[in-house]
Every structure is written in structure tokens, then in C-alpha cells.
Amino acid sequence: MLILGLETSCDETGVAVYDSERGLLAHRLYSQIAVHAEYGGVVPELASRDHVRKTLPLVNEAMAAAGHTLQELDGVAYTQGPGLVGALLVGASLGRSLAWGLGIPAVGVHHMEGHLLAPMLEEESPDFPFVALLVSGGHTQLVHVAGIGEYTLLGESLDDAAGEAFDKAAKMMGLPYPGGPELSKLADSGDDKRFSFPRPMTSRPGLDFSFSGLKTAVRTTILEQAVEGVLDEHTKADISACFQAAVVDTLAIKCKRALKQTGLKNLIIAGGVGANKLLRQQLMEMTKKLGGQVFYPRAEFCTDNGAMIAYAGCQRLLAGEQADLSLSVVPRWPMTELNSIVSASTASQGKP
């Protein structure tokens, strides 16, 4: 089954062509960082307009790179939610229109399910069941995954997600947009022992997260250093390193707790923060001690991309799911509401 995947949930336009037998054939990604940089954050209307300009040209590029024509497609998958409503409508409108015009099925994909299944695009991928740490944009969640669509939420962020905390801490220090990756780079040259930051909610039972207190601690430290006249680049690097260590420690502690609670050994990490080198290293060491393994997608598939949507959509189309002719998107959409397709979870999972 040859599938076209479209991702337009926020500020990145992703397109991919996936074959159920041969794996990922081509993918293209356009980032809107330059569009939103001067505003210090995503402007929804500008994001939607840029998707309108970029999506169809990227479709043509991806199809050409895959060596196929649109007429050879067997289905179209698009991100139906969650995300920015205007941005979602661009991908959904194009996806449904292409499918209708070509006489093939289309399916709306849950953005976070796409991230969760992204590790399946790799040569070495986990078998079900496993625990998933999803750290993408405004989401930080721990999920028990029994199969595709078989999701039990174990814990989630009660306020700022990890990615949001990274971005806000970076903004406090005046780092360029997008701040999270810039903070991680700066942390590489910092002393992660200079400042003492909390590991929120790790001293109490449970698997929920809260990063608002950590964010406040960072703000207080920045103000103190500024008052003392020592908020130079060296100090910013130290603050970044200490902040990053606190977030990573918190995520690792909760992941270990989730694995022990479920009795599972394998963990996947997906989403933008999943590209963080320190987090990957710490989770690898932790799961190894427990006799398990951590799996994650390559760095380019940690952020939003069309490949994950094409893969997830392919699995659901193989299971017989497809959208009707109505056009709808779901800006807020709990992943636990998805239909189970356990029978299809062992279907062909071609690798790139």
C-alpha cells in the first residue's frame, strides 16, 4: 500500500511517501522558524498561510523523489489533530481533496500517535507492549502502549510541558527563537552543578509532571545573577546546564517509575525533546540497568514530520479505517479516544 502523509499541525510542513512493503520512500520538510522568529513564537494565522503556500509543492517534490505519481497512491493520511485549527485545516483540506479526486481512501491521523509510532520507522524498533514518553510541543505524557490504538495514559504535565519549559527558560535568558534547541547547545558548555534546581514532583508518588516551579526557580536565579551584574554568557551556560539536568532527571525518574509500575522493560521516547542527547543517554543507562532498552526515532523524525503521519495512517488504512467525505479537524483530542487496531499492529512494518 502506497501512502502519502501530510503533517500541518503547527509550524512545520511535512510530506512523506510510505510503502507498506518497502518502507519510507521519500520525505520533505519545511520549517517556518524564519517566519515566526521576529515574534518570538508561532503566529497561527501566519502558520496557516505558509502551509497553504508550501504543502502542494512539497507533495510534488516528495512524489518525484519517491519515483511515483499521484495516480499510483493507494491512500492519503493527514494530521487531523491536535494542533492549530487553521493549520490542521490546510492539510486536511488538501488530503481529502486529493483522495476524493483520485478515488482512494483517506484517514485522519492523531498527531501524538504519529510521534508515538515514529520509532517504528527505524531498523530496530520495539515490540508491543512498551511504555512511551511523549515530549512534543505542549505535550509531556507517559503512556502504556499495548498495541496501535491501545493506549493508557499513565501521567502527563499538569502545567507547562517539558518543551514549553525549555522554550520559556531560553526566552528568559534572551536566547534566539526557537529557544529550546539553543538552550541545549548552550548547556553543553555549562556547569550543571553550579545552581540547585528542583526535580518537580519526584518526591511524591505518581507519574504526572509539573515544570512551572522549575521555571520559576530559573527566573529567580536569572534575576539574582542580573542584580549582581554577573549574568554573562558563562553564567547563562551554567543556568542552561543546570536547568537541562533538572528536566532530564525528572523525566528519567518518572520513566523508571512507569516501567516498574507496569512491569515492562522497554521504553520509547518521541517528540522534539526526544532529540536531547543528555535525555537519550540517561534513559539508555536507566533502561539497561532494568534489563530493557530504549528506542527512539532518528533526530529528523523527533520533530513534526510527514513520515510519522504516513506510517501511522498506513497502519490504520491497512486495518480498514478511512474518513468519510466530511471535513473535520480536532484541535484538542485525547489519544485515549482512538480506536484500537491491535490486529493490524503486526501488519507489515517495512523499514526505510
# chains A, B, ... in the order shown; residues from 1 in each chain; ligands from 1
$ select_by_dssp --residues "segment 43-159 of chain A" --states "strand (DSSP E)" --output "MDAnalysis selection string"
chainID A and resid 75:81 106:110 130:136 139:147 150:156
$ residues_around --residues "segment 94-98 of chain A" --least-positions-apart "4" --cutoff "12 Å" --atoms "only C-alpha atoms" --output "PyMOL selection string"
chain A and resi 3-8+15+51-57+59+70-71+73-80+87-90+102-109+309-310+313+322-329
$ residues_around --residues "Ile269 of chain A" --least-positions-apart "3" --cutoff "12 Å" --atoms "only C-alpha atoms" --output "PyMOL selection string"
chain A and resi 112+115-120+125-126+130-136+140-143+251-252+255+266+272-277+279-284+287+293-299+301-303
$ atom_distance --atom1 "atom CA of Leu183 of chain A" --atom2 "atom CA of Ala270 of chain A"
19.2 Å
$ closest_residue --among "A:Gly138, A:Gly14, A:Pro205, A:Pro198" --to "Gly91 of chain A" --atoms "only C-alpha atoms"
A:Gly14
$ atom_distance --atom1 "atom CA of Gln315 of chain A" --atom2 "atom CA of Ser9 of chain A"
19.9 Å
$ atom_distance --atom1 "atom CA of Ser210 of chain A" --atom2 "atom CA of Gln244 of chain A"
14.6 Å
$ select_by_dssp --residues "segment 149-349 of chain A" --states "helix (DSSP H, G or I)" --output "PyMOL selection string"
chain A and resi 162-172+179-187+212-227+233-262+272-275+277-289+299-301+306-318+335-337+342-344
$ closest_residue --among "A:Leu290, A:Ile268, A:Ala169, A:Ala226" --to "Ser240 of chain A" --atoms "only C-alpha atoms"
A:Ala169
$ closest_residue --among "A:Met335, A:Leu24, A:Leu207, A:Cys10" --to "Cys314 of chain A" --atoms "only C-alpha atoms"
A:Leu24
$ residues_around --residues "Phe195 of chain A" --least-positions-apart "3" --cutoff "9 Å" --atoms "only C-alpha atoms" --output "VMD selection string"
chain A and resid 191 to 192 221 238 to 239 242 to 243
$ closest_residue --among "A:Arg199, A:Arg316, A:His234, A:Arg332" --to "Met1 of chain A" --atoms "only C-alpha atoms"
A:Arg316
